[in-house]
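Colleague: See query.txt below, with compact mmCIF, C-alpha atoms and all ligand atoms.
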# COMPACT_ATOMS: atom_id res chain seq x y z
CA MET D 1 -4.88 -5.93 4.95
CA SER D 2 -7.89 -6.15 2.69
CA PHE D 3 -8.35 -4.03 -0.37
CA GLU D 4 -11.97 -4.89 -0.71
CA THR D 5 -13.79 -2.01 -2.29
CA TRP D 6 -17.33 -0.78 -2.61
CA ASP D 7 -19.54 -3.45 -4.07
CA GLY D 8 -22.53 -1.19 -4.58
CA ASP D 9 -24.38 -0.34 -7.72
CA ASP D 10 -22.60 2.89 -8.36
CA GLU D 11 -19.72 1.66 -10.50
CA SER D 12 -18.38 5.11 -11.23
CA ALA D 13 -18.05 5.85 -7.54
CA ALA D 14 -16.41 2.49 -6.84
CA GLY D 15 -13.48 2.63 -4.43
CA ARG D 16 -10.80 3.33 -6.93
CA PHE D 17 -8.44 4.72 -4.34
CA VAL D 18 -6.27 2.51 -2.14
CA PRO D 19 -3.49 3.53 0.25
CA LEU D 20 -0.28 4.43 -1.47
CA TYR D 21 2.20 1.67 -0.79
CA VAL D 22 4.71 2.92 1.67
CA LEU D 23 8.12 1.46 2.16
CA VAL D 24 9.41 1.64 5.69
CA ASN D 25 12.46 -0.49 6.41
CA GLY D 26 11.59 -2.53 3.34
CA ARG D 27 8.10 -3.21 4.60
CA THR D 28 4.94 -2.19 2.81
CA ALA D 29 2.15 -3.38 5.06
CA PRO D 30 1.86 -4.09 8.75
CA ARG D 31 2.84 -7.63 9.69
CA ASP D 32 0.25 -7.72 12.41
CA SER D 33 -3.03 -7.24 10.62
CA THR D 34 -4.87 -6.65 13.91
CA LEU D 35 -3.11 -3.31 14.26
CA ASP D 36 -5.81 -0.93 13.19
CA LEU D 37 -6.07 2.81 13.55
CA ALA D 38 -7.89 2.59 16.88
CA THR D 39 -5.45 0.10 18.43
CA GLN D 40 -3.63 1.57 21.41
CA VAL D 41 0.03 1.10 22.25
CA VAL D 42 2.25 2.13 25.14
CA ALA D 43 6.02 2.50 25.52
CA LEU D 44 7.84 -0.21 27.45
CA SER D 45 10.70 0.83 29.67
CA VAL D 46 13.58 -0.29 27.51
CA ASP D 47 16.76 1.37 26.30
CA THR D 48 15.87 3.56 23.30
CA ARG D 49 19.37 4.87 22.55
CA ARG D 50 19.71 2.82 19.37
CA LEU D 51 16.48 4.14 17.85
CA GLU D 52 16.47 6.45 14.86
CA PRO D 53 14.96 9.89 15.62
CA GLU D 54 11.70 9.24 13.73
CA TYR D 55 11.08 6.12 15.77
CA LEU D 56 12.18 7.74 19.01
CA GLU D 57 9.60 10.45 18.44
CA ILE D 58 6.87 7.82 18.29
CA VAL D 59 8.08 6.09 21.45
CA ARG D 60 8.09 9.45 23.26
CA GLN D 61 4.51 10.02 22.16
CA CYS D 62 3.57 6.71 23.76
CA ALA D 63 4.39 7.52 27.40
CA GLY D 64 0.72 6.71 28.07
CA TRP D 65 -1.62 4.50 26.05
CA ILE D 66 -2.35 6.13 22.69
CA SER D 67 -3.95 4.96 19.45
CA VAL D 68 -2.25 4.65 16.09
CA ALA D 69 -4.61 7.34 14.75
CA GLU D 70 -3.58 9.76 17.51
CA ILE D 71 0.10 9.11 16.82
CA GLY D 72 -0.54 9.87 13.14
CA ALA D 73 -2.40 13.07 14.02
CA TYR D 74 0.10 14.41 16.57
CA LEU D 75 3.21 13.58 14.54
CA LYS D 76 1.57 14.44 11.20
CA LEU D 77 2.33 11.04 9.74
CA PRO D 78 0.03 9.50 7.11
CA LEU D 79 -1.85 6.62 8.70
CA ALA D 80 -0.23 3.91 6.62
CA ILE D 81 3.23 5.11 7.69
CA ALA D 82 2.25 5.45 11.36
CA LYS D 83 0.94 1.90 11.29
CA VAL D 84 4.04 0.36 9.77
CA MET D 85 6.38 2.28 12.10
CA VAL D 86 4.36 1.35 15.18
CA ASP D 87 4.39 -2.24 14.02
CA VAL D 88 8.19 -2.19 13.72
CA LEU D 89 8.44 -0.81 17.27
CA VAL D 90 6.07 -3.47 18.61
CA GLU D 91 8.04 -6.20 16.90
CA GLN D 92 11.30 -4.90 18.35
CA GLY D 93 9.90 -4.75 21.88
CA TYR D 94 9.66 -0.97 22.32
CA LEU D 95 5.87 -0.83 22.49
CA ALA D 96 3.15 -3.03 23.99
CA VAL D 97 -0.17 -3.43 22.16
CA GLY D 98 -3.65 -3.25 23.70
CA THR D 99 -6.75 -5.10 22.58
CA PRO D 100 -7.78 -3.80 19.18
CA ALA D 101 -11.33 -2.91 18.22
CA GLN D 102 -11.34 -5.84 15.90
CA GLN D 103 -13.46 -8.53 17.43
CA ARG D 104 -16.60 -8.78 15.35
CA ILE D 105 -18.38 -10.31 18.32
CA PHE D 106 -18.45 -7.85 21.15
CA ASP D 107 -19.07 -9.13 24.59
CA LYS D 108 -22.08 -7.76 26.37
CA SER D 109 -20.14 -6.60 29.42
CA LEU D 110 -17.92 -4.38 27.27
CA LEU D 111 -20.96 -2.78 25.65
CA ASP D 112 -22.54 -2.32 29.10
CA GLN D 113 -19.41 -0.48 30.17
CA VAL D 114 -19.55 1.73 27.09
CA ILE D 115 -23.18 2.68 27.79
CA ALA D 116 -22.40 3.45 31.43
CA GLY D 117 -19.41 5.54 30.35
CA LEU D 118 -21.52 7.52 27.87
CA GLU D 119 -24.24 8.11 30.45
CA ARG D 120 -21.65 9.58 32.81
CA LEU D 121 -20.45 12.11 30.22
CA MET E 1 -1.71 -4.32 31.74
CA ASP E 2 -4.18 -4.01 28.92
CA ARG E 3 -6.17 -1.42 27.12
CA THR E 4 -9.18 -2.06 24.93
CA SER E 5 -10.24 0.13 22.02
CA VAL E 6 -13.86 0.46 21.00
CA LYS E 7 -14.74 2.12 17.73
CA ILE E 8 -17.85 3.88 16.45
CA VAL E 9 -18.13 5.35 12.96
CA VAL E 10 -19.91 8.65 12.35
CA ALA E 11 -21.05 8.65 8.74
CA GLY E 12 -23.40 10.56 6.48
CA GLY E 13 -23.24 12.76 3.44
CA PHE E 14 -21.13 15.84 2.88
CA GLY E 15 -21.72 18.53 5.51
CA THR E 16 -24.27 16.59 7.55
CA GLY E 17 -22.60 17.44 10.89
CA LYS E 18 -20.21 14.52 11.42
CA THR E 19 -17.32 16.60 12.74
CA THR E 20 -19.71 18.68 14.85
CA LEU E 21 -21.14 15.57 16.49
CA VAL E 22 -17.68 14.16 17.24
CA ALA E 23 -16.62 17.52 18.72
CA SER E 24 -19.70 17.73 20.94
CA VAL E 25 -18.86 14.56 22.87
CA SER E 26 -15.12 14.12 22.50
CA GLU E 27 -12.89 14.79 25.52
CA ILE E 28 -10.26 16.26 23.19
CA PRO E 29 -10.84 18.67 20.30
CA PRO E 30 -11.25 16.45 17.22
CA LEU E 31 -7.95 15.38 15.72
CA THR E 32 -7.28 14.92 12.04
CA THR E 33 -5.22 12.17 10.55
CA GLU E 34 -4.45 11.78 6.90
CA GLU E 35 -4.07 8.88 4.55
CA ILE E 36 -2.35 9.12 1.20
CA LEU E 37 -4.25 7.18 -1.40
CA THR E 38 -3.31 6.22 -4.89
CA GLU E 39 -5.63 5.36 -7.72
CA ALA E 40 -6.02 1.59 -7.97
CA SER E 41 -4.32 0.04 -10.98
CA LEU E 42 -7.60 -1.44 -12.20
CA GLY E 43 -7.99 -0.15 -15.73
CA VAL E 44 -4.99 2.10 -15.34
CA ASP E 45 -1.72 1.48 -17.15
CA ASP E 46 0.31 -0.41 -14.59
CA THR E 47 3.73 0.03 -16.19
CA THR E 48 3.95 3.72 -15.44
CA GLY E 49 4.85 3.21 -11.81
CA VAL E 50 3.44 4.70 -8.67
CA GLU E 51 4.86 8.18 -9.12
CA SER E 52 2.79 9.02 -12.13
CA LYS E 53 -0.48 7.72 -10.76
CA THR E 54 -2.96 10.06 -9.19
CA THR E 55 -2.44 10.33 -5.50
CA THR E 56 -4.76 12.11 -3.18
CA THR E 57 -4.99 12.76 0.52
CA VAL E 58 -8.02 11.92 2.57
CA ALA E 59 -8.48 13.39 6.02
CA LEU E 60 -10.27 11.67 8.88
CA ASP E 61 -11.56 13.46 11.95
CA PHE E 62 -11.78 11.59 15.19
CA GLY E 63 -12.37 12.07 18.87
CA ARG E 64 -12.03 10.00 22.01
CA ILE E 65 -14.02 9.26 25.13
CA THR E 66 -12.37 7.49 28.05
CA ILE E 67 -14.91 4.94 29.25
CA SER E 68 -12.86 3.46 32.09
CA PRO E 69 -9.17 3.06 32.94
CA ASP E 70 -9.14 0.06 30.57
CA VAL E 71 -11.48 1.11 27.78
CA VAL E 72 -11.34 4.03 25.35
CA LEU E 73 -14.03 4.74 22.77
CA TYR E 74 -12.87 6.30 19.48
CA LEU E 75 -15.32 8.11 17.23
CA PHE E 76 -14.27 8.31 13.60
CA GLY E 77 -15.96 10.58 11.09
CA THR E 78 -15.97 9.24 7.54
CA PRO E 79 -14.42 11.40 4.84
CA GLY E 80 -17.06 13.66 3.28
CA GLN E 81 -16.50 12.37 -0.24
CA ASP E 82 -18.15 9.07 -1.00
CA ARG E 83 -15.46 7.86 -3.35
CA PHE E 84 -13.06 6.85 -0.58
CA TRP E 85 -14.71 3.55 0.19
CA PHE E 86 -11.44 2.03 1.19
CA MET E 87 -11.34 4.28 4.24
CA TRP E 88 -14.88 3.28 5.11
CA ASP E 89 -13.85 -0.37 5.11
CA GLU E 90 -10.96 0.39 7.40
CA LEU E 91 -13.14 2.45 9.76
CA ALA E 92 -16.00 -0.03 9.84
CA GLN E 93 -13.80 -3.04 10.53
CA GLY E 94 -14.26 -4.06 14.14
CA ALA E 95 -16.57 -1.14 14.91
CA VAL E 96 -19.53 -1.48 17.29
CA GLY E 97 -21.53 0.22 14.58
CA ALA E 98 -22.27 3.54 12.97
CA ILE E 99 -24.30 6.69 13.38
CA VAL E 100 -25.55 7.87 10.00
CA LEU E 101 -26.24 11.60 10.12
CA VAL E 102 -29.02 12.83 7.88
CA ASP E 103 -29.58 16.41 6.77
CA THR E 104 -33.29 16.87 6.01
CA ARG E 105 -32.50 19.41 3.31
CA ARG E 106 -30.61 16.73 1.40
CA LEU E 107 -31.96 13.36 2.45
CA ASP E 108 -30.43 11.55 -0.49
CA SER E 109 -26.90 12.56 0.46
CA SER E 110 -26.98 10.03 3.32
CA PHE E 111 -28.37 7.20 1.25
CA PRO E 112 -24.96 5.74 0.28
CA ALA E 113 -24.04 5.53 3.97
CA VAL E 114 -27.29 3.77 4.89
CA ASP E 115 -26.80 1.39 1.98
CA TYR E 116 -23.18 0.71 2.97
CA PHE E 117 -23.94 -0.39 6.54
CA GLU E 118 -27.14 -2.20 5.55
CA ARG E 119 -25.31 -4.35 3.00
CA ARG E 120 -22.60 -5.28 5.45
CA GLY E 121 -24.92 -6.07 8.32
CA ILE E 122 -23.19 -3.50 10.51
CA PRO E 123 -25.46 -2.09 13.28
CA PHE E 124 -26.36 1.55 12.71
CA VAL E 125 -28.79 4.24 13.77
CA THR E 126 -29.91 7.21 11.73
CA ALA E 127 -29.63 10.58 13.45
CA VAL E 128 -31.63 13.28 11.74
CA ASN E 129 -29.86 16.59 12.14
CA ARG E 130 -32.52 19.27 12.03
CA PHE E 131 -30.10 22.19 11.66
CA PHE E 132 -32.61 25.03 11.87
CA GLY E 133 -35.13 23.32 14.08
CA GLU E 134 -37.61 22.88 11.27
CA CYS E 135 -38.21 19.65 9.51
CA ASP E 136 -40.55 19.29 6.56
CA TYR E 137 -40.72 15.52 6.81
CA THR E 138 -42.29 13.05 9.17
CA GLU E 139 -40.32 10.10 10.47
CA ASP E 140 -42.18 7.83 8.05
CA GLU E 141 -41.27 10.01 5.09
CA ILE E 142 -37.60 9.97 6.06
CA ARG E 143 -37.65 6.21 6.59
CA GLY E 144 -39.25 5.80 3.20
CA ALA E 145 -36.76 8.05 1.42
CA LEU E 146 -33.81 6.20 2.96
CA GLU E 147 -35.44 2.79 2.54
CA LEU E 148 -34.76 2.11 6.21
CA ASP E 149 -35.38 -1.28 7.69
CA PRO E 150 -38.08 -0.85 10.38
CA LYS E 151 -35.61 -2.21 12.97
CA VAL E 152 -33.11 0.59 12.35
CA PRO E 153 -33.59 3.27 15.04
CA LEU E 154 -34.13 6.87 14.01
CA VAL E 155 -33.35 9.67 16.45
CA TRP E 156 -33.71 13.42 16.02
CA CYS E 157 -30.54 15.28 16.90
CA ASP E 158 -28.68 18.52 17.10
CA ALA E 159 -25.09 17.61 16.40
CA ARG E 160 -23.86 20.61 18.39
CA ASP E 161 -25.57 19.42 21.54
CA LYS E 162 -23.69 17.00 23.76
CA GLU E 163 -26.80 15.39 25.28
CA SER E 164 -28.27 14.85 21.85
CA SER E 165 -25.06 13.26 20.57
CA LYS E 166 -24.87 11.06 23.69
CA LEU E 167 -28.39 9.84 23.02
CA ALA E 168 -27.49 8.89 19.44
CA LEU E 169 -24.41 7.00 20.67
CA ILE E 170 -26.27 5.18 23.44
CA THR E 171 -29.06 4.24 21.02
CA LEU E 172 -26.44 2.74 18.72
CA VAL E 173 -24.74 0.70 21.44
CA ARG E 174 -28.12 -0.62 22.60
CA GLN E 175 -28.91 -1.54 19.00
CA ALA E 176 -25.61 -3.43 18.77
CA MET E 177 -26.48 -5.25 22.01
CA ALA E 178 -29.92 -6.19 20.73
CA ARG E 179 -28.22 -7.70 17.71
CA LEU E 180 -25.91 -9.72 20.00
CA LYS E 181 -28.93 -11.22 21.72
CA VAL E 182 -30.51 -12.20 18.42
CA LYS E 183 -27.34 -13.95 17.32
CA ALA E 184 -26.77 -15.77 20.60
N1 LIG D 201 -27.76 24.86 12.97
C1 LIG D 201 -27.02 23.75 13.00
N2 LIG D 201 -25.83 23.74 12.35
C2 LIG D 201 -25.09 22.61 12.37
C3 LIG D 201 -25.52 21.44 13.05
N3 LIG D 201 -24.58 20.46 12.86
C4 LIG D 201 -23.62 21.01 12.11
N4 LIG D 201 -23.89 22.29 11.82
C5 LIG D 201 -23.07 23.20 10.97
O1 LIG D 201 -23.06 22.64 9.68
C6 LIG D 201 -21.77 22.77 9.08
C7 LIG D 201 -21.23 21.40 8.67
O2 LIG D 201 -20.99 20.64 9.84
P1 LIG D 201 -19.76 19.63 9.92
O3 LIG D 201 -19.79 19.02 11.27
O4 LIG D 201 -18.50 20.25 9.48
O5 LIG D 201 -20.21 18.55 8.85
P2 LIG D 201 -19.37 17.30 8.32
O6 LIG D 201 -20.37 16.22 8.11
O7 LIG D 201 -18.23 17.00 9.21
O8 LIG D 201 -18.87 17.85 6.93
P3 LIG D 201 -17.79 17.19 5.92
O9 LIG D 201 -16.72 16.57 6.77
O10 LIG D 201 -17.30 18.35 5.12
O11 LIG D 201 -18.57 16.21 5.12
C8 LIG D 201 -20.90 23.47 10.10
O12 LIG D 201 -20.87 24.83 9.77
C9 LIG D 201 -21.64 23.25 11.41
O13 LIG D 201 -21.41 24.30 12.32
C10 LIG D 201 -26.79 21.49 13.73
O14 LIG D 201 -27.23 20.52 14.36
N5 LIG D 201 -27.48 22.67 13.68
MG MG D 202 -16.17 16.77 8.72
What's the structure tokens form of this structure?

Modeller:
Amino acid sequence: MSFETWDGDDESAAGRFVPLYVLVNGRTAPRDSTLDLATQVVALSVDTRRLEPEYLEIVRQCAGWISVAEIGAYLKLPLAIAKVMVDVLVEQGYLAVGTPAQQRIFDKSLLDQVIAGLERL
Amino acid sequence: MDRTSVKIVVAGGFGTGKTTLVASVSEIPPLTTEEILTEASLGVDDTTGVESKTTTTVALDFGRITISPDVVLYLFGTPGQDRFWFMWDELAQGAVGAIVLVDTRRLDSSFPAVDYFERRGIPFVTAVNRFFGECDYTEDEIRGALELDPKVPLVWCDARDKESSKLALITLVRQAMARLKVKA
């Protein structure tokens, strides 16, 4: 996770605010740095009986593909917490992860699909 | 089984119509997610611990558009206040690009957004939100005030209108594609 801040001229407006460190199961930042707020996850069909209620709630929310940001919004969890909890669930095999919007180089066919999708709206 | 996320940032100054634009094209009413931020320790006494530092909440609005069974486009509005640059970095990372909304009554309020994407080489288009139909400026005057690169597209828009928002989005994706061709 990068804490790079505004490098503009306006020193007084520089990004002085960073996410509050959150501690979830002793973890402060997602292990998998590709997990961003638009990354989608989906529940895998595994036994969830051992899960704590907070985690179970997330898995239930993931019956279909859903982004980390949507999980945060629906369950009213701050983004940083949603991310870390989703990451824990991915690591423990409860959730599968889709392709994040992280590739700097987009392939042309994906952008073609996006344009076609927007035109259909 | 896979699912790809595509991200577009909707930026611009305070009250320029970001949430309205997202709402006009999103298939769900815009959702809000919050991040709790703490003041960075730079120049702040670090021994006091996290509790006593200033914390603040920043809200992000976003919407979604299902492109195909495998691809979902997320539209993220930047927080209205410019001081939360950290969130901008997080939103811009991996994004196709950005729409910078401009309110002609306050052109300068969108300058930080233009400057942000320009400096980082992130594709963007400017969408001039005319609000009351009238605009006192020509395209050249707006380009001049925002110091726009001639290659940056400028579209006129009504953020409440779905077709207008679609046009701004499509213009952006085409701009991102043009950039791909230049790099290749
Ligand atoms: N007439 C007119 N009003 C608009 C248009 N776009 C937005 N508005 C109105 O302008 C106000 C601000 O719009 P928002 O979409 O909330 O702006 P925003 O950029 O999300 O604002 P912040 O998140 O507070 O920075 C709202 O009352 C909108 O209804 C437009 O194209 N025409
Ligand atoms: Mg808004």

Colleague: Any residue with an atom at most 8 Å from ligand MG 202 (chain D) counts, using only C-alpha atoms and all ligand atoms. Which are they? Put them as number ranges by chain.

Modeller: E: 14-15, 17-20, 60-61, 77-80

Colleague: When the cut-off is 12 Å and you count only C-alpha atoms and all ligand atoms, which residues lie near ligand LIG 201 (chain D), shown as a PyMOL selection string?

Modeller: chain E and resi 10-24+30+32+58-62+76-82+99-105+109-110+127-135+156-162+164-165

Colleague: Tell me as number ranges by chain which residues belonging to chain E come within 8 Å of chain D, counting only C-alpha atoms.

Modeller: E: 2-7, 25, 31-40, 42, 55, 66-68, 73-74, 82-86, 89-90, 93-96, 116, 166, 169-170, 173-174, 177, 180

Colleague: Record the distance separating atom CA of E:Arg179 and atom CA of E:Tyr137, expressed in Å with one decimal.

Modeller: 28.5 Å

Colleague: Figure out the distance between atom CA of E:Ile8 and atom CA of E:Met87, please, to one decimal in Å.

Modeller: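 Atom-to-atom, atom CA of E:Met87 to atom CA of E:Ile8, that is 13.8 Å.
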
Colleague: If the box runs along x, y and z of the file and leaves 6 Å on each side of stretch 109-121 of chain E, what are its centre and edge lengths in Å, one decimal, as JSON?

Modeller:
{"center_x": -25.5, "center_y": 3.2, "center_z": 4.3, "size_x": 17.8, "size_y": 30.6, "size_z": 20.0}

Colleague: What is the atom CA of E:Asp108 to atom CA of E:Glu163 distance in Å?

Modeller: 26.3 Å

Colleague: May I have the residues within 12 Å of D:Asp47 as a ChimeraX atom specification, using all atoms listed in the file and disregarding those fewer than 4 positions away in the same chain?

Modeller: /D:43,51,56,59,92-95

Colleague: Using the partial input, fill out stretch 55-71 of chain E with N, CA and C atoms; write the result as a JSON list (two decimals), keeping the file's coordinate frame.

Modeller:
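Result saved to result.json:
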[["chain", "number", "residue", "atom", "x", "y", "z"],
["E", 55, "THR", "N", -2.35, 10.57, -6.94],
["E", 55, "THR", "CA", -2.44, 10.33, -5.50],
["E", 55, "THR", "C", -3.27, 11.46, -4.90],
["E", 56, "THR", "N", -3.89, 11.14, -3.80],
["E", 56, "THR", "CA", -4.76, 12.11, -3.18],
["E", 56, "THR", "C", -4.71, 11.88, -1.67],
["E", 57, "THR", "N", -5.02, 12.90, -0.93],
["E", 57, "THR", "CA", -4.99, 12.76, 0.52],
["E", 57, "THR", "C", -6.42, 12.78, 1.04],
["E", 58, "VAL", "N", -6.69, 11.92, 1.97],
["E", 58, "VAL", "CA", -8.02, 11.92, 2.57],
["E", 58, "VAL", "C", -7.85, 12.13, 4.08],
["E", 59, "ALA", "N", -8.62, 13.06, 4.60],
["E", 59, "ALA", "CA", -8.48, 13.39, 6.02],
["E", 59, "ALA", "C", -9.62, 12.77, 6.82],
["E", 60, "LEU", "N", -9.27, 12.24, 7.98],
["E", 60, "LEU", "CA", -10.27, 11.67, 8.88],
["E", 60, "LEU", "C", -10.26, 12.46, 10.17],
["E", 61, "ASP", "N", -11.45, 12.81, 10.64],
["E", 61, "ASP", "CA", -11.56, 13.46, 11.95],
["E", 61, "ASP", "C", -11.91, 12.41, 12.97],
["E", 62, "PHE", "N", -11.35, 12.54, 14.15],
["E", 62, "PHE", "CA", -11.78, 11.59, 15.19],
["E", 62, "PHE", "C", -11.67, 12.22, 16.56],
["E", 63, "GLY", "N", -12.41, 11.63, 17.48],
["E", 63, "GLY", "CA", -12.37, 12.07, 18.87],
["E", 63, "GLY", "C", -12.27, 10.87, 19.78],
["E", 64, "ARG", "N", -12.11, 11.13, 21.08],
["E", 64, "ARG", "CA", -12.03, 10.00, 22.01],
["E", 64, "ARG", "C", -12.82, 10.27, 23.28],
["E", 65, "ILE", "N", -13.30, 9.19, 23.86],
["E", 65, "ILE", "CA", -14.02, 9.26, 25.13],
["E", 65, "ILE", "C", -13.46, 8.15, 26.00],
["E", 66, "THR", "N", -12.88, 8.51, 27.14],
["E", 66, "THR", "CA", -12.37, 7.49, 28.05],
["E", 66, "THR", "C", -13.55, 6.91, 28.82],
["E", 67, "ILE", "N", -13.78, 5.62, 28.63],
["E", 67, "ILE", "CA", -14.91, 4.94, 29.25],
["E", 67, "ILE", "C", -14.55, 4.48, 30.65],
["E", 68, "SER", "N", -13.35, 3.95, 30.80],
["E", 68, "SER", "CA", -12.86, 3.46, 32.09],
["E", 68, "SER", "C", -11.34, 3.43, 31.97],
["E", 69, "PRO", "N", -10.63, 3.11, 33.07],
["E", 69, "PRO", "CA", -9.17, 3.06, 32.94],
["E", 69, "PRO", "C", -8.70, 2.05, 31.89],
["E", 70, "ASP", "N", -9.55, 1.09, 31.53],
["E", 70, "ASP", "CA", -9.14, 0.06, 30.57],
["E", 70, "ASP", "C", -9.73, 0.22, 29.18],
["E", 71, "VAL", "N", -10.74, 1.06, 29.05],
["E", 71, "VAL", "CA", -11.48, 1.11, 27.78],
["E", 71, "VAL", "C", -11.57, 2.54, 27.25]]
